[in-house]
Each structure stands twice: as structure tokens, then as C-alpha cells.
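So this one's start-v2.txt, compact mmCIF, C-alpha atoms:
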```
# COMPACT_ATOMS: atom_id res chain seq x y z
CA MET S 3 -17.95 14.46 -29.74
CA THR S 4 -18.44 14.54 -25.97
CA THR S 5 -15.25 13.99 -23.97
CA VAL S 6 -16.10 15.49 -20.55
CA TYR S 7 -18.92 13.95 -18.50
CA ASP S 8 -20.46 14.91 -15.16
CA VAL S 9 -22.03 11.94 -13.38
CA THR S 10 -24.74 14.16 -11.89
CA ALA S 11 -25.85 15.32 -15.36
CA TRP S 12 -25.97 11.93 -17.06
CA SER S 13 -29.15 9.95 -17.80
CA VAL S 14 -28.91 6.23 -18.49
CA PRO S 15 -30.78 5.41 -21.71
CA GLY S 16 -33.83 3.28 -20.90
CA ASN S 17 -33.35 3.62 -17.15
CA PRO S 18 -34.71 7.00 -16.01
CA THR S 19 -34.58 6.10 -12.30
CA ALA S 20 -30.80 5.50 -12.28
CA THR S 21 -28.86 8.28 -10.57
CA PRO S 22 -25.31 8.51 -9.24
CA TYR S 23 -26.77 8.69 -5.76
CA ASN S 24 -28.48 5.30 -5.94
CA ASP S 25 -25.86 3.60 -8.17
CA ILE S 26 -22.92 5.54 -9.55
CA GLY S 27 -21.60 2.29 -11.01
CA LEU S 28 -24.50 2.11 -13.48
CA ILE S 29 -23.94 5.73 -14.42
CA ILE S 30 -20.20 5.38 -15.09
CA ASN S 31 -20.67 2.15 -17.06
CA SER S 32 -23.26 3.92 -19.22
CA ILE S 33 -20.87 6.82 -19.80
CA ILE S 34 -18.07 4.44 -20.81
CA ALA S 35 -20.46 2.80 -23.29
CA ASP S 36 -21.19 6.25 -24.76
CA ILE S 37 -17.48 7.02 -25.09
CA LYS S 38 -16.96 3.76 -26.97
CA SER S 39 -19.92 4.44 -29.27
CA GLN S 40 -18.50 7.83 -30.21
CA GLN S 41 -14.86 6.82 -30.54
CA THR S 42 -14.87 3.98 -33.05
CA SER S 43 -11.93 4.98 -35.23
CA GLN S 44 -8.78 2.98 -34.55
CA ALA S 45 -6.76 6.09 -35.37
CA SER S 46 -8.53 8.48 -33.00
CA LYS S 47 -9.59 7.39 -29.52
CA PRO S 48 -8.67 10.28 -27.25
CA GLY S 49 -10.62 8.96 -24.28
CA ALA S 50 -12.50 11.17 -21.85
CA VAL S 51 -12.86 12.61 -18.37
CA ILE S 52 -15.61 11.47 -16.00
CA TYR S 53 -16.15 13.98 -13.22
CA ILE S 54 -17.55 13.14 -9.78
CA PRO S 55 -18.52 16.36 -7.95
CA PRO S 56 -18.40 16.50 -4.15
CA GLY S 57 -21.27 14.46 -2.71
CA ASP S 58 -22.26 11.04 -1.37
CA TYR S 59 -22.75 8.33 -3.99
CA SER S 60 -23.63 4.65 -3.67
CA LEU S 61 -21.86 2.13 -5.90
CA LYS S 62 -23.88 -1.05 -6.22
CA THR S 63 -22.67 -2.12 -9.69
CA ARG S 64 -18.99 -2.66 -10.45
CA VAL S 65 -17.49 -0.23 -12.94
CA ASN S 66 -15.75 -2.00 -15.82
CA VAL S 67 -13.04 0.11 -17.42
CA ASP S 68 -11.96 -1.34 -20.77
CA ILE S 69 -10.74 1.75 -22.61
CA SER S 70 -7.47 3.64 -22.46
CA PHE S 71 -6.97 7.35 -21.84
CA LEU S 72 -9.83 7.56 -19.36
CA THR S 73 -9.65 9.82 -16.31
CA ILE S 74 -12.14 9.41 -13.47
CA ARG S 75 -11.76 12.48 -11.31
CA GLY S 76 -13.35 13.99 -8.22
CA SER S 77 -12.89 17.12 -6.14
CA GLY S 78 -11.63 15.88 -2.78
CA HIS S 79 -10.32 12.58 -1.43
CA GLY S 80 -12.49 13.04 1.65
CA PHE S 81 -10.62 10.70 4.00
CA THR S 82 -11.62 10.53 7.64
CA SER S 83 -10.84 7.83 10.19
CA LEU S 84 -13.59 5.21 10.46
CA SER S 85 -11.59 3.22 13.00
CA ILE S 86 -11.67 6.09 15.46
CA ARG S 87 -15.37 6.61 14.70
CA TYR S 88 -16.35 2.99 15.27
CA ASN S 89 -14.33 2.82 18.49
CA SER S 90 -15.50 6.14 19.96
CA SER S 91 -18.52 8.07 21.08
CA THR S 92 -19.33 10.44 18.20
CA SER S 93 -22.34 12.33 19.55
CA GLY S 94 -20.38 15.58 19.72
CA TRP S 95 -18.51 15.20 16.42
CA HIS S 96 -18.92 17.73 13.59
CA GLU S 97 -19.15 14.90 11.03
CA VAL S 98 -18.84 11.10 11.10
CA ASN S 99 -18.39 10.05 7.45
CA PRO S 100 -15.75 10.68 4.77
CA GLY S 101 -16.48 13.69 2.58
CA GLY S 102 -15.38 15.21 -0.70
CA SER S 103 -16.34 13.14 -3.73
CA ARG S 104 -17.29 10.07 -1.70
CA VAL S 105 -18.22 6.74 -3.29
CA ARG S 106 -19.64 4.14 -0.91
CA VAL S 107 -18.62 0.65 -2.03
CA GLU S 108 -21.86 -1.29 -1.54
CA ASN S 109 -21.80 -3.85 -4.38
CA THR S 110 -25.01 -5.82 -4.77
CA ASP S 111 -24.09 -7.30 -8.17
CA GLY S 112 -22.06 -10.26 -6.89
CA ASN S 113 -18.72 -8.57 -7.53
CA THR S 114 -16.28 -7.43 -4.87
CA GLU S 115 -14.51 -4.56 -6.67
CA ALA S 116 -15.73 -0.99 -7.05
CA PHE S 117 -13.63 -0.56 -10.22
CA ARG S 118 -12.15 -3.27 -12.43
CA VAL S 119 -9.72 -2.21 -15.16
CA TYR S 120 -9.47 -5.04 -17.68
CA ARG S 121 -9.12 -5.63 -21.41
CA ALA S 122 -7.86 -8.65 -23.32
CA GLY S 123 -5.76 -8.33 -26.47
CA ASP S 124 -3.32 -5.69 -27.65
CA PRO S 125 -2.32 -3.11 -26.83
CA ARG S 126 -2.54 -3.25 -23.07
CA LEU S 127 -4.61 -0.55 -21.40
CA SER S 128 -2.76 2.74 -21.02
CA ALA S 129 -3.14 6.05 -19.23
CA VAL S 130 -6.14 5.13 -17.08
CA VAL S 131 -6.29 7.64 -14.23
CA PHE S 132 -8.14 7.62 -10.89
CA GLU S 133 -7.84 10.96 -9.18
CA ASN S 134 -9.03 12.86 -6.14
CA PHE S 135 -12.11 11.04 -4.85
CA CYS S 136 -12.89 8.76 -1.93
CA LEU S 137 -13.66 5.04 -1.96
CA ASP S 138 -15.34 4.17 1.33
CA GLY S 139 -15.81 0.50 2.21
CA VAL S 140 -18.32 1.64 4.88
CA SER S 141 -17.97 -1.23 7.38
CA PHE S 142 -16.06 -4.35 8.37
CA GLY S 143 -19.25 -5.94 9.66
CA SER S 144 -19.76 -7.29 13.14
CA ASN S 145 -16.08 -6.75 14.05
CA GLN S 146 -15.09 -3.28 12.90
CA ASN S 147 -11.46 -4.02 13.80
CA SER S 148 -11.17 -7.12 11.60
CA TYR S 149 -10.12 -5.30 8.39
CA VAL S 150 -11.95 -8.02 6.44
CA ASN S 151 -15.05 -7.42 4.28
CA GLY S 152 -14.13 -8.84 0.87
CA LYS S 153 -14.19 -5.42 -0.80
CA THR S 154 -11.60 -4.01 -3.21
CA GLY S 155 -11.44 -0.38 -4.25
CA ILE S 156 -9.63 -0.57 -7.61
CA LEU S 157 -8.42 -3.72 -9.37
CA PHE S 158 -6.21 -3.44 -12.44
CA ASP S 159 -6.84 -6.97 -13.67
CA SER S 160 -4.85 -7.02 -16.93
CA ALA S 161 -1.49 -5.71 -18.06
CA ASN S 162 -1.32 -1.93 -18.05
CA ASP S 163 1.01 0.90 -18.94
CA SER S 164 1.46 4.45 -17.57
CA CYS S 165 -1.64 4.39 -15.39
CA ARG S 166 -2.02 6.68 -12.40
CA VAL S 167 -3.76 6.57 -9.02
CA GLU S 168 -3.25 9.97 -7.44
CA ARG S 169 -4.74 12.05 -4.62
CA MET S 170 -7.25 9.30 -3.84
CA GLY S 171 -8.70 8.46 -0.43
CA MET S 172 -9.47 4.83 0.45
CA VAL S 173 -10.76 3.57 3.78
CA TYR S 174 -12.31 0.39 5.22
CA LEU S 175 -11.65 -1.81 2.19
CA GLU S 176 -10.09 -5.24 2.57
CA HIS S 177 -7.93 -4.30 -0.42
CA GLY S 178 -7.56 -0.69 -1.45
CA LEU S 179 -5.57 -0.84 -4.70
CA VAL S 180 -4.56 -4.07 -6.47
CA VAL S 181 -2.55 -3.86 -9.71
CA LYS S 182 -1.50 -6.79 -11.88
CA ASP S 183 1.39 -6.59 -14.36
CA ALA S 184 2.11 -2.88 -14.12
CA ASP S 185 4.51 -0.92 -16.31
CA ALA S 186 5.32 2.67 -15.31
CA LEU S 187 2.50 2.92 -12.80
CA SER S 188 2.30 6.01 -10.57
CA VAL S 189 0.70 5.75 -7.13
CA SER S 190 1.25 9.20 -5.68
CA GLY S 191 -0.18 11.68 -3.22
CA ASN S 192 -2.89 9.35 -1.90
CA PHE S 193 -4.35 8.89 1.59
CA LEU S 194 -4.83 5.12 1.89
CA ALA S 195 -5.43 3.96 5.44
CA GLU S 196 -7.49 1.62 7.62
CA ASN S 197 -7.64 -0.94 4.81
CA GLY S 198 -6.69 -4.59 5.18
CA THR S 199 -4.03 -4.01 2.52
CA CYS S 200 -3.47 -0.59 0.95
CA VAL S 201 -1.30 -1.10 -2.17
CA LYS S 202 -0.76 -4.55 -3.67
CA LEU S 203 1.33 -4.97 -6.84
CA VAL S 204 1.06 -8.54 -8.10
CA GLY S 205 2.02 -10.66 -11.08
CA SER S 206 5.03 -8.65 -12.19
CA GLY S 207 5.97 -5.07 -12.90
CA GLN S 208 8.64 -2.61 -13.89
CA ALA S 209 9.50 1.08 -13.55
CA THR S 210 6.66 1.75 -11.12
CA LYS S 211 6.63 4.28 -8.30
CA VAL S 212 4.79 4.51 -4.99
CA THR S 213 5.64 7.99 -3.78
CA ASP S 214 4.50 10.77 -1.46
CA ASN S 215 1.59 8.82 0.00
CA LEU S 216 0.09 8.62 3.47
CA ILE S 217 -0.44 4.88 3.99
CA GLY S 218 -1.43 2.65 6.87
CA ALA S 219 -2.83 -0.89 6.63
CA GLY S 220 -4.57 -2.98 9.24
CA HIS S 221 -2.96 -5.82 11.13
CA VAL S 222 -4.04 -8.45 8.58
CA GLY S 223 -2.31 -7.12 5.47
CA PHE S 224 0.34 -4.89 3.95
CA SER S 225 0.76 -1.17 3.55
CA VAL S 226 2.80 -1.70 0.36
CA TYR S 227 3.25 -5.16 -1.19
CA ALA S 228 5.08 -5.94 -4.44
CA GLU S 229 6.03 -9.20 -6.11
CA ASN S 230 8.29 -9.89 -9.10
CA HIS S 231 8.96 -6.20 -9.65
CA TRP S 232 12.14 -4.54 -10.82
CA GLY S 233 12.86 -0.86 -10.94
CA LEU S 234 10.19 -0.13 -8.31
CA LEU S 235 10.61 3.11 -6.39
CA VAL S 236 9.02 3.38 -2.92
CA THR S 237 10.00 6.81 -1.66
CA GLY S 238 8.83 9.84 0.28
CA ASN S 239 5.94 8.01 1.93
CA ASN S 240 4.70 8.41 5.48
CA ILE S 241 3.73 4.86 6.43
CA PHE S 242 2.06 4.40 9.77
CA PRO S 243 0.72 1.47 11.80
CA ARG S 244 -0.31 -1.15 11.50
CA GLY S 245 0.34 -3.57 8.65
CA GLN S 246 1.70 -7.11 8.71
CA SER S 247 4.57 -5.50 6.81
CA MET S 248 4.88 -1.84 5.96
CA VAL S 249 6.85 -2.49 2.77
CA HIS S 250 6.97 -6.10 1.58
CA PHE S 251 9.04 -7.19 -1.44
CA LYS S 252 8.67 -10.74 -2.76
CA ASN S 253 11.18 -11.79 -5.44
CA CYS S 254 11.93 -8.19 -6.37
CA THR S 255 15.14 -6.87 -7.87
CA ARG S 256 16.93 -3.57 -8.45
CA SER S 257 14.29 -1.59 -6.59
CA SER S 258 14.54 1.13 -3.96
CA ILE S 259 12.94 1.91 -0.60
CA SER S 260 14.22 5.36 0.24
CA ALA S 261 13.46 8.49 2.27
CA ASN S 262 10.34 7.08 3.88
CA ARG S 263 9.13 7.56 7.43
CA LEU S 264 7.91 4.21 8.80
CA HIS S 265 6.11 3.99 12.14
CA GLY S 266 5.22 0.47 13.22
CA TYR S 267 3.86 -1.54 16.12
CA TYR S 268 5.19 -4.90 14.91
CA PRO S 269 8.47 -6.47 13.75
CA GLY S 270 9.03 -6.97 10.02
CA MET S 271 8.44 -3.35 9.04
CA VAL S 272 10.39 -3.97 5.81
CA HIS S 273 10.44 -7.59 4.66
CA PHE S 274 12.31 -9.01 1.66
CA GLU S 275 10.82 -12.45 0.97
CA GLY S 276 12.11 -15.12 -1.38
CA VAL S 277 14.87 -14.15 -3.78
CA CYS S 278 15.29 -10.38 -3.55
CA THR S 279 18.46 -9.08 -5.20
CA GLU S 280 20.27 -5.78 -5.74
CA ASN S 281 17.70 -3.71 -3.87
CA LEU S 282 18.39 -0.56 -1.86
CA VAL S 283 16.97 0.37 1.56
CA GLY S 284 18.37 3.81 2.19
CA ALA S 285 17.84 6.99 4.20
CA ASN S 286 14.62 5.85 5.86
CA HIS S 287 13.45 6.65 9.38
CA PHE S 288 12.09 3.63 11.28
CA PHE S 289 10.18 4.12 14.52
CA ARG S 290 9.06 1.00 16.37
CA GLU S 291 6.90 1.14 19.49
CA THR S 292 4.05 -0.84 21.06
CA GLU S 293 0.37 -0.50 20.18
CA LYS S 294 -1.21 2.60 21.76
CA PHE S 295 -4.89 2.26 20.71
CA ASP S 296 -6.75 0.18 23.30
CA PRO S 297 -9.24 -1.52 20.90
CA LEU S 298 -6.37 -2.84 18.76
CA LYS S 299 -4.02 -3.96 21.53
CA PRO S 300 -5.20 -7.60 21.25
CA TYR S 301 -3.88 -7.80 17.66
CA ASN S 302 -0.41 -8.31 16.20
CA ASN S 303 1.19 -9.73 13.04
CA GLY S 304 2.32 -13.01 14.60
CA ARG S 305 6.06 -12.22 14.49
CA ASP S 306 8.45 -11.97 17.39
CA ASP S 307 11.20 -9.44 17.95
CA LEU S 308 13.92 -11.74 16.61
CA PHE S 309 12.43 -11.34 13.10
CA GLY S 310 14.02 -7.92 12.70
CA LEU S 311 12.57 -4.54 11.85
CA VAL S 312 14.24 -5.11 8.48
CA HIS S 313 14.23 -8.75 7.37
CA ILE S 314 16.38 -9.58 4.34
CA GLU S 315 16.13 -12.71 2.18
CA GLY S 316 18.29 -12.60 -0.94
CA GLY S 317 21.68 -11.33 -2.07
CA ASN S 318 23.56 -8.21 -3.09
CA ASN S 319 21.13 -5.90 -1.34
CA SER S 320 22.22 -2.65 0.33
CA VAL S 321 20.83 -1.29 3.61
CA ILE S 322 22.52 2.09 3.99
CA GLY S 323 22.13 5.23 6.05
CA ASN S 324 18.89 4.43 7.85
CA HIS S 325 17.87 5.68 11.28
CA PHE S 326 16.17 3.26 13.68
CA SER S 327 14.30 4.49 16.76
CA TYR S 328 13.40 1.48 18.91
CA ASP S 329 11.07 2.28 21.80
CA VAL S 330 9.80 -1.09 23.06
CA PRO S 331 10.21 -1.68 26.81
CA SER S 332 12.23 -4.80 27.64
CA GLY S 333 9.18 -6.30 29.33
CA SER S 334 7.22 -6.12 26.07
CA VAL S 335 9.83 -7.91 23.95
CA THR S 336 8.90 -11.35 22.59
CA PRO S 337 10.14 -13.98 23.21
CA SER S 338 10.44 -12.85 26.81
CA GLY S 339 13.99 -12.22 27.93
CA GLN S 340 15.47 -12.20 24.42
CA THR S 341 17.39 -9.37 22.76
CA PRO S 342 15.45 -7.89 19.82
CA THR S 343 16.95 -7.63 16.34
CA ILE S 344 16.95 -4.46 14.23
CA ILE S 345 18.28 -5.88 10.92
CA LEU S 346 18.18 -9.62 10.23
CA VAL S 347 19.94 -11.00 7.18
CA ALA S 348 18.07 -14.30 7.02
CA SER S 349 19.50 -15.66 3.76
CA GLY S 350 21.54 -14.75 0.72
CA ASN S 351 25.06 -13.73 -0.17
CA ASN S 352 27.05 -10.50 -0.35
CA ASN S 353 24.59 -8.14 1.28
CA TYR S 354 25.96 -4.74 2.31
CA LEU S 355 24.92 -2.91 5.50
CA ALA S 356 26.53 0.41 6.32
CA THR S 357 26.16 3.57 8.43
CA ASN S 358 22.83 2.58 9.95
CA ASN S 359 22.16 4.25 13.30
CA THR S 360 20.02 2.76 16.07
CA VAL S 361 18.69 4.63 19.10
CA SER S 362 17.22 2.38 21.80
CA ALA S 363 16.89 2.41 25.59
CA THR S 364 16.68 -1.39 25.43
CA ALA S 365 19.62 -3.61 24.53
CA VAL S 366 19.35 -4.68 20.88
CA HIS S 367 21.24 -6.59 18.24
CA THR S 368 21.56 -4.00 15.52
CA VAL S 369 22.56 -6.69 12.99
CA THR S 370 22.02 -10.44 13.11
CA LEU S 371 23.35 -12.75 10.39
CA ASP S 372 21.68 -16.11 9.96
CA SER S 373 23.94 -19.13 9.60
CA SER S 374 22.87 -19.56 5.96
CA THR S 375 24.27 -16.18 4.84
CA THR S 376 27.72 -15.60 3.40
CA GLY S 377 29.89 -12.66 2.47
CA THR S 378 27.91 -10.01 4.33
CA LYS S 379 29.64 -6.65 4.88
CA VAL S 380 28.58 -4.77 8.02
CA LEU S 381 30.17 -1.35 8.48
CA ASP S 382 29.41 1.24 11.16
CA CYS S 383 26.07 -0.26 12.21
CA GLY S 384 26.74 -0.69 15.92
CA SER S 385 29.19 -2.07 18.42
CA LEU S 386 30.69 -5.54 18.46
CA ALA S 387 28.34 -6.42 21.33
CA GLN S 388 25.38 -5.44 19.14
CA PHE S 389 26.52 -7.68 16.27
CA GLN S 390 25.27 -11.28 16.24
CA PRO S 391 26.73 -13.42 13.44
CA PHE S 392 25.83 -17.09 13.39
CA GLN S 393 28.62 -17.71 10.86
CA SER S 394 32.11 -16.45 10.13
CA SER S 395 31.73 -15.46 6.50
CA ASN S 396 31.37 -11.72 7.03
CA SER S 397 33.24 -8.47 7.24
CA PHE S 398 32.53 -6.29 10.25
CA ARG S 399 33.62 -2.81 11.35
CA ALA S 400 32.21 -1.40 14.57
CA THR S 401 30.85 2.11 14.81
CA PRO S 402 33.67 4.29 16.15
```
Here is the file; what I need is its structure written in the form of C-alpha cells.
Amino acid sequence: MTTVYDVTAWSVPGNPTATPYNDIGLIINSIIADIKSQQTSQASKPGAVIYIPPGDYSLKTRVNVDISFLTIRGSGHGFTSLSIRYNSSTSGWHEVNPGGSRVRVENTDGNTEAFRVYRAGDPRLSAVVFENFCLDGVSFGSNQNSYVNGKTGILFDSANDSCRVERMGMVYLEHGLVVKDADALSVSGNFLAENGTCVKLVGSGQATKVTDNLIGAGHVGFSVYAENHWGLLVTGNNIFPRGQSMVHFKNCTRSSISANRLHGYYPGMVHFEGVCTENLVGANHFFRETEKFDPLKPYNNGRDDLFGLVHIEGGNNSVIGNHFSYDVPSGSVTPSGQTPTIILVASGNNNYLATNNTVSATAVHTVTLDSSTTGTKVLDCGSLAQFQPFQSSNSFRATP
């Protein structure tokens, strides 16, 4: 029984002209069909490894993954900045395209995803692994700074368990990774940048981790987005501009955002939307400045500086031990003449904010409490002058 496949050594039955260079999607789908034909016993379906050697491959046909225990692996995530390339003169560059095991997402089959992981029925798909190759969306069309081209790198489209996306590179995709209904998903060690949205966890999920990644979305989307998740761990990531939000929780509970470095050009770097409860934001470094790259200076995320670098909706959340570096000149603050907010508690009860440190040359409100909040505890997060409560239901202790 064959369990290890090399895409460059595979021939599609009945289609001798198909190669991984003109359509790696056809090749991988044919390999998956072969795996299924060989592994028919309900009691023994060990899965397989599909190997993508270093090289440039075109994907014109979506890959449909409908088996468990499948690893699709390359030898190099190959990331390189396409934004810098498209906005620069490259005549003297050593190379202009991503490298490693590079798959160009060029669907001509009417689908928008490079890989779709989907199976109906029980059990849910398990232990599907994408590892160490590059998904290159190639272009955003006539406006290379739009971050919109309709392309998705990997879509987990049905409930899944213990799947992994690790050491991948993704660039110039409207959506890099989208996962529905994840249980114990690992997204780790990836370089996901210059996508409209990098990581999007939708539907619901539990016990998932997004760790040790280099991530940076465009101005239209999210670096990390999660909805209806509990037990989600977002830690040890280096998240850089731009992103409508850098980490966005919607109706999430008992999850953690910890030990990340977040560098943003816009307010709302961490945003809790809806009913977010019992979450922790701890020991992160936030650095907020203005856009430095001339071609992208016309863009923003539509929020003003009263929105907060951290925006909390929901109750019983803890924001503890974070460092905020705020480096926006007073003349660049919006609305003009207003004092920017570092942490805004916009709604909810019994939130706890403690030992957060802010460094800023501009006057700021380190904590603002909306009039709809109650029972907020604010300890050692700034001076009384830096505290802006629009209600009296709070406990406050100034930083000594």
C-alpha cells in the first residue's frame, strides 16, 4: 500500500499531460482518489503524506480533502513581500517571487479556494495537516493595495478535530486560512502576511491555539478573528500592521490573548465584540504608531482614537500586565483635539484592569469606562487624570 506520494512523480490516470506545474490541484486530487481506493477498510485507514518539493506550481483546480490523517507537506514556506515588490522598482532585486514549495493560487474551475477540507457525516475529519509550503495569491488585480481578490488559501468547511496548519507561508490572498467549527486546532509557526484576513475561525470552536506565528493582515480584514470560541489560546505571536483588528474576538469566552507583540497603525488592535466573557488579555506588548509606508497612507480601518487600542464588550474579562507604547503625534489624533483612549470598556459588568503600563509623549486616557458599564475594577493603570469614567460604578486605584 502506498502511503507517501511525491507530486512530481505522480501521473494522473487517463490524463498524461497533467503535471504539478500546470495544475497541482489535479495531481493532488488524483492522489487522494488513489489513497481512498487503497484504504477501504473501516478498521484501517492510516492516511498518507503528499509531498510538494521546492518549485513553482500552478493550482487551477481546487483540492478537495475528504479523508482524515492526511499530511500535505512541502520543504519551505517561501514567503516574500509582494506588497513591497508591487510598490517598488525591482530591477536590481535578486528575486521577485515567493520561493520554497510555492503554489500559485490561480483557480480556473469556478472555485475560490486552493484547498477545501470537507466531509459530511461522522466522524468529523481529524488530523489533516498542512505544513511548510507557500500559498501565493499572485495579485490583487488593478489595485495591488486593495487586499481583495476573492481567493482563499485553505478552507476547513466542516467540523474538524486535531488538525494542524504549521510552518506555512500565505501571501496576497483575500483570506489566508478559514476554519469552521474547530476542535483542538493548531495554527503554529506560520508566516501569514499581506492577506486581506490571515486567520479566521468561524462557526464555533474549542481548545484551539494560534501560537508562535508571524501575522499581518491588510487594512480590510483581521490578522486573527475568532467567533463563538472558548478555550482559545492566542499567544507568542508577532502581529504587525495593518489589520482592521489585530486580534478580534466575537462572542468568545474563557480564552486568552497573552505574550504577543502587537504593532498597529490603527485603533482597535484588540477588539472584543458582542458578549465576550471571562477572557484574559495579559502580558502583551502593544505599539501604536502612524502609517509609515507611503502607498498605504491613504488607508485606515475607519475607527477614531476614542475607540481604544483595546476595546472591551462583555463582562468578567481581565486585562492585566500589558505594556502600551503610544507614539501618535497629537496632530495626527482623530477626532482632532481629542484625547486618545488606550483601553475602552464599552459595555459589560465586573471587568478587571490591573497593572497596565502606558508610555506616551501625548496625553492619553489610559482607561475609559462607558456609561453602560458597571462594577469595573481599575488598579494601577494610570493617574486619576488619565482615568475617564462616564459612570460611578467602579473601583479605581491610581498608579503610585
If you count all atoms listed in the file, the residue of S:Thr255, S:Thr370, S:Ser260, S:Thr5 closest to Phe398 of chain S turns out to be S:Thr370
Could you give me, as JSON lines, every segment 225-344 of chain S residue with an atom at most 12 Å from segment 181-184 of chain S, plus its closest atom pair and distance in Å to one decimal, counting only C-alpha atoms, rows ordered by chain then number?
```
{"residue": "S:Val226", "atom": "CA", "partner": "S:Val181", "partner_atom": "CA", "distance": 11.6}
{"residue": "S:Tyr227", "atom": "CA", "partner": "S:Val181", "partner_atom": "CA", "distance": 10.4}
{"residue": "S:Ala228", "atom": "CA", "partner": "S:Val181", "partner_atom": "CA", "distance": 9.5}
{"residue": "S:Glu229", "atom": "CA", "partner": "S:Lys182", "partner_atom": "CA", "distance": 9.8}
{"residue": "S:Asn230", "atom": "CA", "partner": "S:Asp183", "partner_atom": "CA", "distance": 9.3}
{"residue": "S:His231", "atom": "CA", "partner": "S:Ala184", "partner_atom": "CA", "distance": 8.8}
{"residue": "S:Trp232", "atom": "CA", "partner": "S:Ala184", "partner_atom": "CA", "distance": 10.7}
{"residue": "S:Gly233", "atom": "CA", "partner": "S:Ala184", "partner_atom": "CA", "distance": 11.4}
{"residue": "S:Leu234", "atom": "CA", "partner": "S:Ala184", "partner_atom": "CA", "distance": 10.3}
```
Neighbour list for Tyr267 of chain S as a ChimeraX atom specification, cut-off 12 Å, all atoms listed in the file, skip fewer than 6 positions in-chain | /S:218-221,241-248,288-295,298-299,301-307,311,328-330,334-335
Polymer residues at most 7 Å from Ile345 of chain S, all atoms listed in the file, same-chain spacing of 6 or more positions, as a PyMOL selection string | chain S and resi 310-313+368-370
Expressed in Å to a single decimal, how great is the separation between atom CA of Val131 of chain S and atom CA of Asp36 of chain S?
-> 18.3 Å
Tell me, as a tab-separated table (two decimals) with C-alpha atoms, in the coordinates of the input, which residues lie within 8 Å of Arg166 of chain S, counting only C-alpha atoms; anything in the same chain fewer than 5 positions away does not count.
```tsv
chain	number	residue	atom	x	y	z
S	129	ALA	CA	-3.14	6.05	-19.23
S	130	VAL	CA	-6.14	5.13	-17.08
S	131	VAL	CA	-6.29	7.64	-14.23
S	132	PHE	CA	-8.14	7.62	-10.89
S	133	GLU	CA	-7.84	10.96	-9.18
S	187	LEU	CA	2.50	2.92	-12.80
S	188	SER	CA	2.30	6.01	-10.57
S	189	VAL	CA	0.70	5.75	-7.13
S	190	SER	CA	1.25	9.20	-5.68
```
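In terms of minimum interatomic distance to His79 of chain S, S:Ser103 ranks closest within S:Asn239, S:Ser257, S:Asn197, S:Ser103, counting all atoms listed in the file.
The space between atom CA of Thr375 of chain S and atom CA of Tyr268 of chain S spans 24.3 Å.
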Supply segment 337-355 of chain S as a short mmCIF file (atom, residue, chain, number, x, y, z; two decimals), keeping the file's coordinate frame, with N, CA and C atoms built in where the input has gaps.
```
data_model
loop_
_atom_site.label_atom_id
_atom_site.label_comp_id
_atom_site.auth_asym_id
_atom_site.auth_seq_id
_atom_site.Cartn_x
_atom_site.Cartn_y
_atom_site.Cartn_z
N PRO S 337 10.41 -13.21 22.00
CA PRO S 337 10.14 -13.98 23.21
C PRO S 337 10.70 -13.27 24.45
N SER S 338 10.06 -13.51 25.57
CA SER S 338 10.44 -12.85 26.81
C SER S 338 11.90 -13.14 27.15
N GLY S 339 12.60 -12.08 27.52
CA GLY S 339 13.99 -12.22 27.93
C GLY S 339 15.00 -12.22 26.81
N GLN S 340 14.55 -12.19 25.55
CA GLN S 340 15.47 -12.20 24.42
C GLN S 340 15.87 -10.78 24.02
N THR S 341 16.92 -10.66 23.26
CA THR S 341 17.39 -9.37 22.76
C THR S 341 16.84 -9.16 21.36
N PRO S 342 16.07 -8.11 21.13
CA PRO S 342 15.45 -7.89 19.82
C PRO S 342 16.48 -7.57 18.74
N THR S 343 16.09 -7.85 17.50
CA THR S 343 16.95 -7.63 16.34
C THR S 343 16.42 -6.45 15.53
N ILE S 344 17.33 -5.58 15.10
CA ILE S 344 16.95 -4.46 14.23
C ILE S 344 17.00 -4.89 12.77
N ILE S 345 18.14 -5.39 12.30
CA ILE S 345 18.28 -5.88 10.92
C ILE S 345 18.67 -7.35 10.98
N LEU S 346 17.86 -8.20 10.34
CA LEU S 346 18.18 -9.62 10.23
C LEU S 346 18.45 -9.96 8.77
N VAL S 347 19.65 -10.44 8.50
CA VAL S 347 19.94 -11.00 7.18
C VAL S 347 19.68 -12.50 7.29
N ALA S 348 18.53 -12.93 6.80
CA ALA S 348 18.07 -14.30 7.02
C ALA S 348 18.61 -15.28 5.99
N SER S 349 18.96 -14.78 4.80
CA SER S 349 19.50 -15.66 3.76
C SER S 349 20.18 -14.81 2.71
N GLY S 350 20.94 -15.45 1.84
CA GLY S 350 21.54 -14.75 0.72
C GLY S 350 23.00 -14.41 0.94
N ASN S 351 23.62 -13.97 -0.16
CA ASN S 351 25.06 -13.73 -0.17
C ASN S 351 25.36 -12.27 -0.51
N ASN S 352 26.47 -11.78 0.05
CA ASN S 352 27.05 -10.50 -0.35
C ASN S 352 26.12 -9.31 -0.16
N ASN S 353 25.37 -9.33 0.93
CA ASN S 353 24.59 -8.14 1.28
C ASN S 353 25.49 -7.11 1.96
N TYR S 354 25.12 -5.84 1.84
CA TYR S 354 25.96 -4.74 2.31
C TYR S 354 25.15 -3.85 3.23
N LEU S 355 25.60 -3.72 4.49
CA LEU S 355 24.92 -2.91 5.50
C LEU S 355 25.92 -1.88 6.02
#
```
